[in-house]
$ cat coords23.txt   # compact mmCIF, C-alpha atoms
# COMPACT_ATOMS: atom_id res chain seq x y z
CA MET A 1 193.22 -52.54 237.81
CA ALA A 2 191.46 -53.82 240.97
CA GLN A 3 187.92 -52.69 240.19
CA CYS A 4 184.51 -54.20 239.69
CA PRO A 5 183.18 -53.98 236.10
CA MET A 6 180.83 -51.07 236.85
CA CYS A 7 183.54 -49.04 238.56
CA ARG A 8 185.93 -49.79 235.71
CA MET A 9 183.43 -48.60 233.07
CA SER A 10 182.76 -45.42 235.02
CA ALA A 11 186.47 -44.70 235.49
CA GLU A 12 187.30 -45.40 231.84
CA SER A 13 184.46 -43.16 230.69
CA ASN A 14 185.69 -40.39 232.96
CA LEU A 15 189.28 -40.73 231.70
CA GLU A 16 188.15 -40.62 228.05
CA HIS A 17 186.47 -37.28 228.70
CA GLY A 18 189.55 -35.77 230.33
CA GLY A 19 188.80 -36.53 233.98
CA THR A 20 191.15 -37.91 236.61
CA MET A 21 188.67 -39.91 238.70
CA GLY A 22 190.10 -43.27 237.55
CA ARG A 23 193.55 -42.57 238.93
CA GLY A 24 192.15 -41.54 242.29
CA LEU A 25 189.90 -44.60 242.39
CA ASN A 26 192.84 -46.94 241.82
CA LYS A 27 194.91 -45.21 244.51
CA GLY A 28 192.01 -45.46 246.95
CA ILE A 29 191.59 -49.17 246.32
CA LEU A 30 195.30 -49.82 246.82
CA TYR A 31 195.23 -47.76 250.03
CA ILE A 32 192.32 -49.80 251.42
CA LEU A 33 194.02 -53.08 250.48
CA SER A 34 197.29 -52.09 252.16
CA LEU A 35 195.77 -51.31 255.58
CA PRO A 36 195.23 -54.93 256.75
CA TYR A 37 198.81 -55.83 255.83
CA LEU A 38 200.18 -52.83 257.73
CA LEU A 39 198.05 -53.71 260.75
CA VAL A 40 199.28 -57.32 260.81
CA LEU A 41 202.89 -56.15 260.36
CA THR A 42 202.56 -53.68 263.25
CA LEU A 43 201.02 -56.29 265.54
CA GLY A 44 203.78 -58.75 264.61
CA ILE A 45 206.50 -56.23 265.44
CA VAL A 46 204.90 -55.40 268.81
CA TRP A 47 204.51 -59.09 269.64
CA TYR A 48 208.14 -59.84 268.67
CA ARG A 49 209.51 -56.95 270.75
CA ASN A 50 207.47 -57.98 273.79
CA LYS A 51 208.58 -61.60 273.45
CA LYS A 52 212.22 -60.54 273.11
CA ARG A 53 211.96 -58.21 276.13
CA ASN A 54 210.38 -60.96 278.29
CA ALA A 55 213.14 -63.39 277.31
CA GLN A 56 215.81 -60.88 278.41
CA GLU A 57 214.07 -60.24 281.73
CA GLU A 58 214.11 -63.97 282.54
CA LEU A 59 217.93 -64.03 282.34
$ encode --input "coords23.txt" --output "structure tokens"
Amino acid sequence: MAQCPMCRMSAESNLEHGGTMGRGLNKGILYILSLPYLLVLTLGIVWYRNKKRNAQEEL
């Protein structure tokens, strides 16, 4: 789904001949795309917890 035309042709050709490379390629692309979102989410949670903890210490 999220592939360049050359990768897509290679994966489709492999799948037509009974291979499973295309499925692994799609999973790998989705894995790589999810990492920046997870990193930003983690940093946001850490920032929020630190801000909340500092606000409680000021009281």
$ atom_distance --input "coords23.txt" --atom1 "CA of Glu12 (chain A)" --atom2 "CA of Gly28 (chain A)"
15.8 Å
$ residues_around --input "coords23.txt" --residues "Arg23 (chain A)" --least-positions-apart "3" --cutoff "12 Å" --atoms "all atoms listed in the file" --output "JSON, numbers by chain"
{"A": [1, 2, 3, 7, 8, 10, 11, 12, 14, 15, 18, 19, 20, 26, 27, 28, 29, 30]}
$ atom_distance --input "coords23.txt" --atom1 "CA of Val40 (chain A)" --atom2 "CA of Glu57 (chain A)"
25.8 Å
$ atom_distance --input "coords23.txt" --atom1 "CA of Leu33 (chain A)" --atom2 "CA of Arg49 (chain A)"
25.8 Å
$ decode --input "coords23.txt" --residues "region 23-57 of chain A" --atoms "N, CA and C atoms" --output "PDB file, in the first residue's frame"
ATOM      1  N   ARG A  23       4.147  -9.016   1.941  1.00  0.00           N
ATOM      2  CA  ARG A  23       3.534  -8.817   3.252  1.00  0.00           C
ATOM      3  C   ARG A  23       4.555  -8.275   4.246  1.00  0.00           C
ATOM      4  N   GLY A  24       5.738  -8.826   4.218  1.00  0.00           N
ATOM      5  CA  GLY A  24       6.795  -8.356   5.111  1.00  0.00           C
ATOM      6  C   GLY A  24       7.224  -6.937   4.794  1.00  0.00           C
ATOM      7  N   LEU A  25       7.241  -6.596   3.519  1.00  0.00           N
ATOM      8  CA  LEU A  25       7.615  -5.247   3.102  1.00  0.00           C
ATOM      9  C   LEU A  25       6.600  -4.231   3.612  1.00  0.00           C
ATOM     10  N   ASN A  26       5.331  -4.541   3.493  1.00  0.00           N
ATOM     11  CA  ASN A  26       4.289  -3.637   3.997  1.00  0.00           C
ATOM     12  C   ASN A  26       4.378  -3.471   5.513  1.00  0.00           C
ATOM     13  N   LYS A  27       4.612  -4.557   6.239  1.00  0.00           N
ATOM     14  CA  LYS A  27       4.728  -4.473   7.689  1.00  0.00           C
ATOM     15  C   LYS A  27       5.942  -3.643   8.081  1.00  0.00           C
ATOM     16  N   GLY A  28       7.034  -3.779   7.355  1.00  0.00           N
ATOM     17  CA  GLY A  28       8.236  -3.006   7.632  1.00  0.00           C
ATOM     18  C   GLY A  28       8.020  -1.519   7.408  1.00  0.00           C
ATOM     19  N   ILE A  29       7.323  -1.170   6.360  1.00  0.00           N
ATOM     20  CA  ILE A  29       7.031   0.232   6.070  1.00  0.00           C
ATOM     21  C   ILE A  29       6.145   0.822   7.157  1.00  0.00           C
ATOM     22  N   LEU A  30       5.128   0.098   7.565  1.00  0.00           N
ATOM     23  CA  LEU A  30       4.244   0.589   8.627  1.00  0.00           C
ATOM     24  C   LEU A  30       4.991   0.729   9.950  1.00  0.00           C
ATOM     25  N   TYR A  31       5.914  -0.177  10.228  1.00  0.00           N
ATOM     26  CA  TYR A  31       6.724  -0.109  11.438  1.00  0.00           C
ATOM     27  C   TYR A  31       7.583   1.154  11.427  1.00  0.00           C
ATOM     28  N   ILE A  32       8.232   1.423  10.318  1.00  0.00           N
ATOM     29  CA  ILE A  32       9.083   2.613  10.200  1.00  0.00           C
ATOM     30  C   ILE A  32       8.250   3.885  10.319  1.00  0.00           C
ATOM     31  N   LEU A  33       7.061   3.909   9.755  1.00  0.00           N
ATOM     32  CA  LEU A  33       6.211   5.093   9.834  1.00  0.00           C
ATOM     33  C   LEU A  33       5.663   5.323  11.241  1.00  0.00           C
ATOM     34  N   SER A  34       5.511   4.277  12.028  1.00  0.00           N
ATOM     35  CA  SER A  34       4.937   4.437  13.366  1.00  0.00           C
ATOM     36  C   SER A  34       5.955   4.953  14.382  1.00  0.00           C
ATOM     37  N   LEU A  35       7.242   4.761  14.152  1.00  0.00           N
ATOM     38  CA  LEU A  35       8.248   5.152  15.134  1.00  0.00           C
ATOM     39  C   LEU A  35       8.255   6.644  15.451  1.00  0.00           C
ATOM     40  N   PRO A  36       8.185   7.567  14.491  1.00  0.00           N
ATOM     41  CA  PRO A  36       8.160   8.988  14.862  1.00  0.00           C
ATOM     42  C   PRO A  36       6.949   9.354  15.714  1.00  0.00           C
ATOM     43  N   TYR A  37       5.803   8.772  15.434  1.00  0.00           N
ATOM     44  CA  TYR A  37       4.606   9.061  16.222  1.00  0.00           C
ATOM     45  C   TYR A  37       4.767   8.554  17.654  1.00  0.00           C
ATOM     46  N   LEU A  38       5.329   7.373  17.823  1.00  0.00           N
ATOM     47  CA  LEU A  38       5.555   6.843  19.164  1.00  0.00           C
ATOM     48  C   LEU A  38       6.560   7.689  19.931  1.00  0.00           C
ATOM     49  N   LEU A  39       7.586   8.167  19.249  1.00  0.00           N
ATOM     50  CA  LEU A  39       8.585   9.017  19.892  1.00  0.00           C
ATOM     51  C   LEU A  39       7.968  10.330  20.371  1.00  0.00           C
ATOM     52  N   VAL A  40       7.175  10.971  19.525  1.00  0.00           N
ATOM     53  CA  VAL A  40       6.521  12.223  19.904  1.00  0.00           C
ATOM     54  C   VAL A  40       5.542  11.980  21.049  1.00  0.00           C
ATOM     55  N   LEU A  41       4.800  10.908  21.015  1.00  0.00           N
ATOM     56  CA  LEU A  41       3.865  10.570  22.093  1.00  0.00           C
ATOM     57  C   LEU A  41       4.608  10.369  23.411  1.00  0.00           C
ATOM     58  N   THR A  42       5.710   9.639  23.381  1.00  0.00           N
ATOM     59  CA  THR A  42       6.502   9.403  24.590  1.00  0.00           C
ATOM     60  C   THR A  42       7.048  10.701  25.157  1.00  0.00           C
ATOM     61  N   LEU A  43       7.604  11.550  24.305  1.00  0.00           N
ATOM     62  CA  LEU A  43       8.120  12.836  24.763  1.00  0.00           C
ATOM     63  C   LEU A  43       7.011  13.712  25.336  1.00  0.00           C
ATOM     64  N   GLY A  44       5.840  13.683  24.740  1.00  0.00           N
ATOM     65  CA  GLY A  44       4.700  14.441  25.249  1.00  0.00           C
ATOM     66  C   GLY A  44       4.268  13.969  26.622  1.00  0.00           C
ATOM     67  N   ILE A  45       4.251  12.668  26.832  1.00  0.00           N
ATOM     68  CA  ILE A  45       3.867  12.115  28.134  1.00  0.00           C
ATOM     69  C   ILE A  45       4.894  12.503  29.199  1.00  0.00           C
ATOM     70  N   VAL A  46       6.174  12.394  28.871  1.00  0.00           N
ATOM     71  CA  VAL A  46       7.224  12.775  29.825  1.00  0.00           C
ATOM     72  C   VAL A  46       7.115  14.252  30.163  1.00  0.00           C
ATOM     73  N   TRP A  47       6.926  15.086  29.167  1.00  0.00           N
ATOM     74  CA  TRP A  47       6.810  16.532  29.384  1.00  0.00           C
ATOM     75  C   TRP A  47       5.599  16.841  30.278  1.00  0.00           C
ATOM     76  N   TYR A  48       4.458  16.216  30.003  1.00  0.00           N
ATOM     77  CA  TYR A  48       3.241  16.444  30.771  1.00  0.00           C
ATOM     78  C   TYR A  48       3.427  16.024  32.235  1.00  0.00           C
ATOM     79  N   ARG A  49       4.038  14.873  32.450  1.00  0.00           N
ATOM     80  CA  ARG A  49       4.252  14.400  33.826  1.00  0.00           C
ATOM     81  C   ARG A  49       5.191  15.331  34.585  1.00  0.00           C
ATOM     82  N   ASN A  50       6.254  15.788  33.928  1.00  0.00           N
ATOM     83  CA  ASN A  50       7.178  16.709  34.585  1.00  0.00           C
ATOM     84  C   ASN A  50       6.496  18.034  34.904  1.00  0.00           C
ATOM     85  N   LYS A  51       5.692  18.538  34.001  1.00  0.00           N
ATOM     86  CA  LYS A  51       4.980  19.793  34.227  1.00  0.00           C
ATOM     87  C   LYS A  51       3.999  19.643  35.389  1.00  0.00           C
ATOM     88  N   LYS A  52       3.294  18.535  35.426  1.00  0.00           N
ATOM     89  CA  LYS A  52       2.325  18.272  36.494  1.00  0.00           C
ATOM     90  C   LYS A  52       3.037  18.145  37.844  1.00  0.00           C
ATOM     91  N   ARG A  53       4.182  17.451  37.869  1.00  0.00           N
ATOM     92  CA  ARG A  53       4.939  17.269  39.102  1.00  0.00           C
ATOM     93  C   ARG A  53       5.476  18.613  39.599  1.00  0.00           C
ATOM     94  N   ASN A  54       5.971  19.464  38.720  1.00  0.00           N
ATOM     95  CA  ASN A  54       6.476  20.783  39.110  1.00  0.00           C
ATOM     96  C   ASN A  54       5.359  21.671  39.650  1.00  0.00           C
ATOM     97  N   ALA A  55       4.171  21.556  39.094  1.00  0.00           N
ATOM     98  CA  ALA A  55       3.032  22.348  39.573  1.00  0.00           C
ATOM     99  C   ALA A  55       2.639  21.914  40.984  1.00  0.00           C
ATOM    100  N   GLN A  56       2.714  20.619  41.285  1.00  0.00           N
ATOM    101  CA  GLN A  56       2.374  20.137  42.621  1.00  0.00           C
ATOM    102  C   GLN A  56       3.428  20.539  43.645  1.00  0.00           C
ATOM    103  N   GLU A  57       4.688  20.600  43.236  1.00  0.00           N
ATOM    104  CA  GLU A  57       5.762  20.975  44.155  1.00  0.00           C
ATOM    105  C   GLU A  57       5.667  22.456  44.542  1.00  0.00           C
TER     106      GLU A  57
END
